[in-house]
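Novice: What follows is data17.txt; its format and atoms are compact mmCIF, C-alpha atoms.
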# COMPACT_ATOMS: atom_id res chain seq x y z
CA MET A 655 88.11 -19.37 -24.75
CA THR A 656 85.96 -16.26 -24.54
CA ALA A 657 82.17 -16.39 -24.75
CA PRO A 658 80.61 -14.86 -27.87
CA LEU A 659 79.39 -11.34 -27.50
CA THR A 660 75.63 -10.85 -27.62
CA ARG A 661 74.35 -7.90 -29.57
CA GLN A 662 72.09 -5.73 -27.46
CA ARG A 663 69.55 -3.28 -28.79
CA PRO A 664 70.06 0.37 -27.97
CA PRO A 665 67.94 1.67 -25.06
CA ARG A 666 65.99 3.91 -27.42
CA THR A 667 65.05 0.95 -29.66
CA ARG A 668 63.90 -1.09 -26.67
CA ALA A 669 61.82 1.83 -25.40
CA ILE A 670 60.13 2.16 -28.80
CA MET A 671 59.39 -1.58 -28.84
CA LEU A 672 57.89 -1.42 -25.36
CA MET A 673 55.70 1.50 -26.39
CA GLN A 674 54.55 -0.41 -29.49
CA HIS A 675 53.68 -3.48 -27.43
CA ALA A 676 51.85 -1.36 -24.88
CA ALA A 677 49.88 0.39 -27.61
CA GLY A 678 49.02 -2.97 -29.20
CA MET A 679 47.82 -4.39 -25.87
CA LEU A 680 45.71 -1.27 -25.26
CA VAL A 681 44.05 -1.54 -28.67
CA ALA A 682 43.42 -5.26 -28.10
CA LEU A 683 41.79 -4.52 -24.74
CA LEU A 684 39.57 -1.88 -26.34
CA PHE A 685 38.33 -4.47 -28.84
CA LEU A 686 37.95 -7.28 -26.27
CA ALA A 687 36.24 -5.18 -23.58
CA PRO A 688 32.77 -5.14 -25.23
CA LEU A 689 32.94 -8.90 -25.82
CA ALA A 690 33.94 -9.59 -22.24
CA TRP A 691 31.24 -7.20 -21.01
CA THR A 692 28.59 -9.07 -23.01
CA VAL A 693 29.69 -12.52 -21.82
CA LEU A 694 29.83 -11.43 -18.17
CA ALA A 695 26.37 -9.87 -18.40
CA THR A 696 24.85 -13.21 -19.42
CA PHE A 697 25.62 -14.67 -15.99
CA LYS A 698 23.57 -12.07 -14.11
CA THR A 699 20.20 -12.92 -12.64
CA LYS A 700 17.00 -11.81 -14.35
CA ALA A 701 16.45 -9.02 -11.86
CA GLU A 702 20.05 -7.83 -12.06
CA SER A 703 20.04 -7.84 -15.89
CA GLY A 704 17.54 -4.97 -15.92
CA GLU A 705 19.61 -2.82 -13.56
CA PRO A 706 22.28 -0.27 -14.65
CA PRO A 707 25.09 -2.06 -16.52
CA LEU A 708 27.88 -1.14 -14.10
CA PRO A 709 29.59 -3.18 -12.88
CA PRO A 710 29.49 -5.57 -15.84
CA TRP A 711 30.05 -8.72 -13.76
CA PRO A 712 27.38 -10.40 -11.58
CA VAL A 713 27.07 -8.91 -8.12
CA HIS A 714 24.18 -10.91 -6.65
CA GLY A 715 25.43 -14.33 -7.68
CA VAL A 716 26.17 -16.20 -10.89
CA SER A 717 23.18 -17.54 -12.82
CA VAL A 718 22.64 -19.34 -16.14
CA GLU A 719 18.90 -18.69 -16.31
CA ASN A 720 19.42 -16.29 -19.22
CA TYR A 721 20.64 -19.19 -21.36
CA PHE A 722 17.64 -21.30 -20.32
CA SER A 723 15.37 -18.40 -21.22
CA ILE A 724 16.79 -17.96 -24.72
CA GLY A 725 16.85 -21.72 -25.21
CA GLN A 726 13.10 -22.00 -24.57
CA PHE A 727 12.09 -19.03 -26.73
CA GLY A 728 9.85 -19.88 -29.70
CA SER A 729 10.80 -23.21 -31.25
CA GLY A 730 13.97 -23.44 -29.18
CA LEU A 731 17.45 -22.01 -29.66
CA SER A 732 18.75 -25.15 -31.39
CA HIS A 733 16.08 -24.78 -34.10
CA TYR A 734 17.15 -21.22 -34.96
CA VAL A 735 20.83 -22.14 -34.75
CA GLY A 736 20.10 -24.86 -37.30
CA ASN A 737 18.41 -22.32 -39.58
CA SER A 738 21.39 -19.99 -39.39
CA LEU A 739 23.87 -22.83 -39.94
CA PHE A 740 21.97 -24.05 -43.00
CA VAL A 741 21.88 -20.57 -44.50
CA ALA A 742 25.52 -19.72 -43.68
CA ILE A 743 27.03 -23.06 -44.77
CA SER A 744 24.96 -23.21 -47.97
CA THR A 745 25.94 -19.63 -48.80
CA ALA A 746 29.63 -20.38 -48.23
CA ILE A 747 29.58 -23.55 -50.38
CA LEU A 748 27.69 -21.99 -53.30
CA THR A 749 29.81 -18.84 -53.17
CA ILE A 750 33.01 -20.88 -53.28
CA LEU A 751 31.83 -23.01 -56.21
CA VAL A 752 30.67 -20.10 -58.37
CA SER A 753 33.49 -17.68 -57.50
CA VAL A 754 36.24 -20.26 -58.04
CA LEU A 755 34.92 -21.18 -61.49
CA ALA A 756 34.36 -17.52 -62.40
CA GLY A 757 37.75 -16.43 -61.07
CA TYR A 758 39.45 -19.26 -62.94
CA GLY A 759 37.69 -18.27 -66.16
CA PHE A 760 38.52 -14.56 -65.86
CA SER A 761 42.14 -15.33 -65.01
CA ARG A 762 43.04 -18.14 -67.41
CA PHE A 763 40.77 -17.79 -70.46
CA ARG A 764 40.27 -15.20 -73.16
CA PHE A 765 36.81 -14.40 -74.45
CA PRO A 766 35.02 -11.39 -75.98
CA MET A 767 34.20 -8.48 -73.65
CA LYS A 768 36.10 -10.12 -70.79
CA ALA A 769 37.26 -6.84 -69.23
CA MET A 770 33.84 -5.22 -69.58
CA LEU A 771 32.06 -8.16 -67.94
CA PHE A 772 34.49 -8.10 -65.04
CA VAL A 773 33.98 -4.36 -64.55
CA LEU A 774 30.19 -4.84 -64.63
CA ILE A 775 30.45 -7.49 -61.92
CA LEU A 776 32.50 -5.17 -59.72
CA ALA A 777 30.15 -2.28 -60.45
CA THR A 778 27.34 -4.11 -58.66
CA LEU A 779 29.23 -3.48 -55.42
CA MET A 780 28.21 0.17 -55.70
CA VAL A 781 24.48 -0.66 -55.74
CA PRO A 782 22.99 -0.27 -52.22
CA PHE A 783 21.27 -3.45 -51.12
CA GLN A 784 18.33 -1.50 -49.71
CA SER A 785 17.53 -0.12 -53.18
CA ILE A 786 16.90 -3.58 -54.66
CA LEU A 787 14.88 -5.10 -51.82
CA THR A 788 11.57 -4.71 -53.66
CA PRO A 789 12.72 -6.28 -56.97
CA LEU A 790 14.33 -9.16 -55.07
CA PHE A 791 11.14 -9.70 -53.08
CA LEU A 792 9.08 -9.83 -56.30
CA ILE A 793 11.54 -12.23 -57.94
CA LEU A 794 11.47 -14.62 -54.98
CA ALA A 795 7.67 -14.44 -54.89
CA ALA A 796 7.50 -15.30 -58.60
CA LEU A 797 9.80 -18.28 -58.02
CA ASN A 798 7.83 -19.43 -54.94
CA LEU A 799 10.96 -18.96 -52.85
CA GLN A 800 9.75 -16.09 -50.70
CA ASN A 801 9.71 -16.99 -46.99
CA THR A 802 12.11 -19.91 -47.57
CA LEU A 803 15.65 -20.46 -46.39
CA THR A 804 16.64 -21.53 -49.90
CA GLY A 805 15.56 -18.18 -51.32
CA LEU A 806 17.51 -16.41 -48.58
CA VAL A 807 20.61 -18.43 -49.51
CA LEU A 808 20.29 -17.37 -53.15
CA ILE A 809 20.05 -13.71 -52.11
CA TYR A 810 23.16 -13.99 -49.93
CA VAL A 811 25.14 -15.76 -52.67
CA THR A 812 24.19 -13.03 -55.15
CA LEU A 813 25.41 -10.37 -52.74
CA GLN A 814 28.69 -12.17 -52.03
CA LEU A 815 29.68 -13.04 -55.60
CA PRO A 816 31.11 -9.69 -56.87
CA PHE A 817 33.78 -9.41 -54.18
CA SER A 818 34.38 -13.18 -54.15
CA VAL A 819 34.96 -13.30 -57.91
CA PHE A 820 37.38 -10.38 -57.58
CA MET A 821 39.33 -12.19 -54.85
CA MET A 822 39.51 -15.48 -56.74
CA ARG A 823 40.59 -13.77 -59.98
CA ASN A 824 43.46 -12.17 -58.07
CA ALA A 825 44.33 -15.48 -56.41
CA PHE A 826 44.58 -17.27 -59.77
CA ASP A 827 46.54 -14.37 -61.27
CA ALA A 828 49.14 -14.77 -58.51
CA VAL A 829 49.91 -18.36 -59.65
CA PRO A 830 52.74 -18.40 -62.24
CA ASN A 831 51.69 -19.50 -65.72
CA GLU A 832 54.69 -21.84 -65.86
CA ILE A 833 52.98 -24.18 -63.37
CA ALA A 834 49.90 -24.53 -65.56
CA GLU A 835 52.04 -24.96 -68.69
CA ALA A 836 54.06 -27.74 -67.04
CA ALA A 837 50.82 -29.48 -66.06
CA ARG A 838 49.52 -29.22 -69.64
CA ILE A 839 52.69 -30.89 -70.91
CA ASP A 840 51.91 -33.79 -68.56
CA GLY A 841 48.41 -34.03 -70.03
CA VAL A 842 46.44 -32.27 -67.26
CA LYS A 843 43.62 -30.11 -68.64
CA GLY A 844 40.21 -28.66 -67.81
CA LEU A 845 38.77 -29.33 -64.37
CA ARG A 846 41.69 -31.60 -63.43
CA MET A 847 43.97 -28.61 -63.85
CA LEU A 848 41.72 -26.52 -61.63
CA VAL A 849 41.22 -29.12 -58.89
CA PHE A 850 44.59 -30.89 -58.65
CA VAL A 851 47.11 -28.28 -59.83
CA LEU A 852 45.79 -24.77 -59.22
CA GLY A 853 43.34 -25.64 -56.42
CA PRO A 854 45.95 -26.28 -53.69
CA LEU A 855 47.80 -23.09 -54.70
CA VAL A 856 44.73 -20.86 -54.33
CA LEU A 857 43.47 -22.60 -51.17
CA PRO A 858 44.01 -19.49 -48.98
CA GLY A 859 41.80 -17.48 -51.34
CA VAL A 860 39.13 -20.20 -51.31
CA VAL A 861 39.15 -20.29 -47.51
CA SER A 862 38.93 -16.49 -47.34
CA VAL A 863 35.97 -16.39 -49.72
CA GLY A 864 34.16 -19.11 -47.77
CA LEU A 865 34.90 -17.52 -44.40
CA ILE A 866 33.69 -14.07 -45.47
CA ALA A 867 30.54 -15.55 -47.02
CA PHE A 868 29.82 -17.59 -43.89
CA LEU A 869 30.29 -14.68 -41.50
CA ASN A 870 28.21 -12.28 -43.60
CA ALA A 871 25.37 -14.78 -43.96
CA TRP A 872 25.52 -15.70 -40.27
CA ASN A 873 25.26 -12.07 -39.12
CA GLU A 874 23.00 -10.63 -41.86
CA PHE A 875 19.79 -9.13 -40.54
CA LEU A 876 17.92 -6.96 -43.06
CA ALA A 877 17.32 -9.53 -45.81
CA ALA A 878 16.29 -12.20 -43.29
CA LEU A 879 13.86 -9.76 -41.67
CA VAL A 880 12.29 -8.77 -45.01
CA PHE A 881 12.14 -12.13 -46.79
CA LEU A 882 11.18 -14.36 -43.84
CA THR A 883 7.74 -14.00 -42.29
CA ASP A 884 7.38 -17.39 -40.58
CA GLN A 885 8.88 -17.35 -37.07
CA ASP A 886 9.98 -20.98 -37.37
CA LYS A 887 12.28 -19.98 -40.25
CA TYR A 888 13.95 -17.08 -38.47
CA THR A 889 17.71 -16.92 -38.31
CA LEU A 890 19.49 -15.90 -35.12
CA PRO A 891 19.77 -12.15 -35.88
CA VAL A 892 16.01 -11.92 -36.47
CA LEU A 893 15.39 -14.04 -33.38
CA MET A 894 17.30 -11.48 -31.32
CA THR A 895 14.84 -8.84 -32.48
CA ALA A 896 11.92 -11.01 -31.38
CA VAL A 897 13.57 -11.59 -28.00
CA ARG A 898 14.20 -7.89 -27.57
CA SER A 899 10.56 -7.00 -28.25
CA GLY A 900 9.05 -8.51 -25.13
CA ARG A 901 5.57 -8.15 -23.71
CA PHE A 902 4.32 -4.59 -23.22
CA GLY A 903 7.61 -3.23 -24.54
CA ALA A 904 9.73 -4.98 -21.90
CA ILE A 905 13.23 -6.04 -22.93
CA ASP A 906 14.84 -9.17 -21.53
CA TRP A 907 18.41 -7.89 -21.54
CA GLY A 908 19.84 -11.06 -20.03
CA ALA A 909 18.35 -13.33 -22.70
CA LEU A 910 19.37 -10.86 -25.40
CA GLN A 911 22.99 -10.87 -24.22
CA ALA A 912 22.95 -14.67 -24.01
CA GLY A 913 21.75 -14.89 -27.61
CA VAL A 914 24.46 -12.50 -28.76
CA THR A 915 27.06 -14.61 -26.95
CA VAL A 916 25.83 -17.76 -28.70
CA MET A 917 26.04 -15.94 -32.05
CA MET A 918 29.67 -14.98 -31.41
CA ILE A 919 30.92 -18.54 -30.82
CA PRO A 920 30.99 -19.86 -34.45
CA CYS A 921 32.48 -16.60 -35.72
CA ILE A 922 35.32 -16.64 -33.21
CA VAL A 923 36.06 -20.35 -33.63
CA LEU A 924 36.14 -20.17 -37.44
CA PHE A 925 38.24 -17.02 -37.55
CA VAL A 926 40.81 -18.34 -35.07
CA ALA A 927 41.00 -21.72 -36.85
CA LEU A 928 41.32 -20.24 -40.35
CA GLN A 929 43.16 -17.03 -39.54
CA ARG A 930 46.38 -18.13 -41.26
CA TYR A 931 44.58 -18.88 -44.55
CA TYR A 932 42.43 -15.77 -44.25
CA ILE A 933 45.40 -13.40 -44.06
CA ARG A 934 47.19 -15.12 -46.93
CA GLY A 935 44.02 -15.11 -49.01
CA LEU A 936 43.46 -11.40 -48.59
CA THR A 937 46.99 -10.65 -49.78
CA ALA A 938 46.84 -13.08 -52.74
CA GLY A 939 47.66 -11.24 -55.94
CA ALA A 940 49.06 -8.19 -54.15
CA VAL A 941 52.63 -9.15 -55.10
CA LYS A 942 53.57 -11.06 -58.22
Mind turning the file's structure into structure tokens?

Specialist:
Amino acid sequence: MTAPLTRQRPPRTRAIMLMQHAAGMLVALLFLAPLAWTVLATFKTKAESGEPPLPPWPVHGVSVENYFSIGQFGSGLSHYVGNSLFVAISTAILTILVSVLAGYGFSRFRFPMKAMLFVLILATLMVPFQSILTPLFLILAALNLQNTLTGLVLIYVTLQLPFSVFMMRNAFDAVPNEIAEAARIDGVKGLRMLVFVLGPLVLPGVVSVGLIAFLNAWNEFLAALVFLTDQDKYTLPVLMTAVRSGRFGAIDWGALQAGVTVMMIPCIVLFVALQRYYIRGLTAGAVK
């Protein structure tokens, strides 16, 4: 009995695949190099942190004093991490709630001026955020929400909603109408339809909206710098500015790099954990 023949790829095809893998690894290294450089720089001593950046790894011994330095700055690193977590998580939750309801309404209901309202929501994406800083500041001041984390959350949610509503509308449009009609025959209507029938089907879109809102709120700098004046309410990006502006213009590069490393951790963990849903959510509605 003869062994089955195995089909081998032509040499040219294998060479092309090797070149593609090599190119992919090179691009990945180009993206990972700055991250690795930053992490390695945090383990330098205080004196070595102010020296020329090459080589990026510690030469005069490994030290964690940069992390102790950033941890003791102001009210403590944990306090500012808590501020950023409150703002980012609250922004993600509110964005998900509003965008899911709005996307469901635009996708499944008919009402007057539906198309025009949707276009107006998308049109706000073309308005530069810097051009509305003054009106937003005056509105928050009138509502007694200026210099509060709650007011900052409301600003972030407002900025996230146009794109989030667009994504959720597409996610609901990708669900066949036959599924909703079958559920209606079984007596499922209203919010029960949204939560128990359509909700699991648009979960990738919901995760994508929440992840994007969290990352944008976690890393946002300009609004937090403008609307927060009390140092105890700073988020991590604004804290990094305060760390950078040391006494007499001195910059503590080691502490700054340590703070940046701490800021990267939640972003990397969330993206790796939710990557599968994120990719599916971005492509929701692309193919029907």

Novice: Could you pull out every residue with an atom within 10 Å of (43.5, -16.0, -63.3), file coordinates, counting all atoms listed in the file, and send them as a ChimeraX atom specification?

Specialist: /A:754,756-763,822-831,852,939

Novice: Mind pulling up the distance from CA of Val861 in chain A to CA of Ala690 in chain A?

Specialist: 27.9 Å

Novice: Using Å and a single decimal, report how far CA of Gly908 in chain A sits from CA of Asn720 in chain A.

Specialist: 5.3 Å

Novice: Can you pull out every residue within 9 Å of Leu779 in chain A, counting only C-alpha atoms, but drop anything in the same chain fewer than 3 positions away, and send it as a ChimeraX atom specification?

Specialist: /A:775-776,782,813,816-817

Novice: Rounded to one decimal in Å, what is the spacing between CA of Leu882 in chain A and CA of Val807 in chain A?

Specialist: 11.7 Å

Novice: Could you work out an axis-aligned box for range 807-816 of chain A, taking every atom the file lists and adding 6 Å on each side, and report centre and edge lengths in Å to one decimal, as AutoDock Vina command-line options?

Specialist:
--center_x 25.6 --center_y -14.1 --center_z -53.2 --size_x 23.1 --size_y 20.7 --size_z 19.4

Novice: In terms of the shortest atom-to-atom distance over all atoms listed in the file, which of A:Ser753, A:Gln674, A:Ser723, A:Asn737 is closest to Tyr888 in chain A?

Specialist: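 The closest residue to Tyr888 in chain A is A:Asn737.
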
Novice: Smallest atom-to-atom distance to Thr889 in chain A: which of A:Met673, A:Val856, A:Leu876, A:Met780, using only C-alpha atoms?

Specialist: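 Of A:Met673, A:Val856, A:Leu876, A:Met780, the one nearest Thr889 in chain A, counting only C-alpha atoms, is A:Leu876.
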
Novice: Give the answer as one residue: which of A:Asn801, A:Ser738, A:Thr696, A:Ser862 has the shortest atom-to-atom distance to Tyr721 in chain A, using only C-alpha atoms?

Specialist: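 For Tyr721 in chain A, the nearest of the given residues is A:Thr696.
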
Novice: For range 838-851 of chain A, list every protein, DNA or RNA residue within 9 Å, evaluated using only C-alpha atoms, and leave out those in the same chain fewer than 4 positions away; present the list as a short mmCIF file (atom, residue, chain, number, x, y, z; two decimals) with C-alpha atoms, keeping the file's coordinate frame.

Specialist:
data_model
loop_
_atom_site.label_atom_id
_atom_site.label_comp_id
_atom_site.auth_asym_id
_atom_site.auth_seq_id
_atom_site.Cartn_x
_atom_site.Cartn_y
_atom_site.Cartn_z
CA LEU A 755 34.92 -21.18 -61.49
CA TYR A 758 39.45 -19.26 -62.94
CA ILE A 833 52.98 -24.18 -63.37
CA ALA A 834 49.90 -24.53 -65.56
CA LEU A 855 47.80 -23.09 -54.70
#

Novice: Set the distance at 10 Å and use all atoms listed in the file: which residues neighbour Leu806 in chain A once local chain neighbours fewer than 4 positions away are removed? I'd like the list as JSON, numbers by chain.

Specialist: {"A": [741, 742, 745, 794, 799, 800, 801, 802, 810, 811, 812, 871, 877, 878, 880, 881, 882]}

Novice: Identify, on the basis of only C-alpha atoms, every residue whose closest approach to Asn873 in chain A does not exceed 12 Å; exclude the query and any residue fewer than 4 positions from it along the same chain; express the result as number ranges by chain.

Specialist: A: 735, 738-739, 741-742, 810, 866-869, 877-879, 889-894, 914, 916-921

Novice: Please output range 775-794 of chain A, rebuilt to include N, CA and C atoms, as a short mmCIF file (atom, residue, chain, number, x, y, z; two decimals), in the frame of the given file.

Specialist:
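What landed in result02.cif:
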data_model
loop_
_atom_site.label_atom_id
_atom_site.label_comp_id
_atom_site.auth_asym_id
_atom_site.auth_seq_id
_atom_site.Cartn_x
_atom_site.Cartn_y
_atom_site.Cartn_z
N ILE A 775 30.63 -6.72 -63.16
CA ILE A 775 30.45 -7.49 -61.92
C ILE A 775 30.88 -6.67 -60.72
N LEU A 776 32.02 -6.00 -60.84
CA LEU A 776 32.50 -5.17 -59.72
C LEU A 776 31.61 -3.95 -59.51
N ALA A 777 31.00 -3.47 -60.57
CA ALA A 777 30.15 -2.28 -60.45
C ALA A 777 28.93 -2.55 -59.58
N THR A 778 28.50 -3.79 -59.51
CA THR A 778 27.34 -4.11 -58.66
C THR A 778 27.62 -3.87 -57.19
N LEU A 779 28.90 -3.79 -56.82
CA LEU A 779 29.23 -3.48 -55.42
C LEU A 779 28.78 -2.09 -55.02
N MET A 780 28.60 -1.21 -56.00
CA MET A 780 28.21 0.17 -55.70
C MET A 780 26.70 0.33 -55.57
N VAL A 781 25.94 -0.73 -55.83
CA VAL A 781 24.48 -0.66 -55.74
C VAL A 781 24.07 -0.94 -54.30
N PRO A 782 23.43 -0.02 -53.61
CA PRO A 782 22.99 -0.27 -52.22
C PRO A 782 21.97 -1.41 -52.18
N PHE A 783 22.16 -2.30 -51.23
CA PHE A 783 21.27 -3.45 -51.12
C PHE A 783 19.83 -3.02 -50.83
N GLN A 784 19.67 -1.96 -50.06
CA GLN A 784 18.33 -1.50 -49.71
C GLN A 784 17.54 -1.07 -50.93
N SER A 785 18.23 -0.61 -51.99
CA SER A 785 17.53 -0.12 -53.18
C SER A 785 16.97 -1.24 -54.04
N ILE A 786 17.39 -2.48 -53.83
CA ILE A 786 16.90 -3.58 -54.66
C ILE A 786 16.08 -4.58 -53.84
N LEU A 787 15.67 -4.19 -52.65
CA LEU A 787 14.88 -5.10 -51.82
C LEU A 787 13.55 -5.45 -52.50
N THR A 788 12.88 -4.44 -53.03
CA THR A 788 11.57 -4.71 -53.66
C THR A 788 11.68 -5.60 -54.89
N PRO A 789 12.59 -5.35 -55.83
CA PRO A 789 12.72 -6.28 -56.97
C PRO A 789 13.08 -7.70 -56.53
N LEU A 790 13.97 -7.83 -55.54
CA LEU A 790 14.33 -9.16 -55.07
C LEU A 790 13.13 -9.87 -54.43
N PHE A 791 12.33 -9.11 -53.69
CA PHE A 791 11.14 -9.70 -53.08
C PHE A 791 10.18 -10.21 -54.16
N LEU A 792 9.98 -9.43 -55.22
CA LEU A 792 9.08 -9.83 -56.30
C LEU A 792 9.62 -11.04 -57.05
N ILE A 793 10.95 -11.08 -57.24
CA ILE A 793 11.54 -12.23 -57.94
C ILE A 793 11.36 -13.51 -57.12
N LEU A 794 11.63 -13.44 -55.83
CA LEU A 794 11.47 -14.62 -54.98
C LEU A 794 10.01 -15.05 -54.93
#
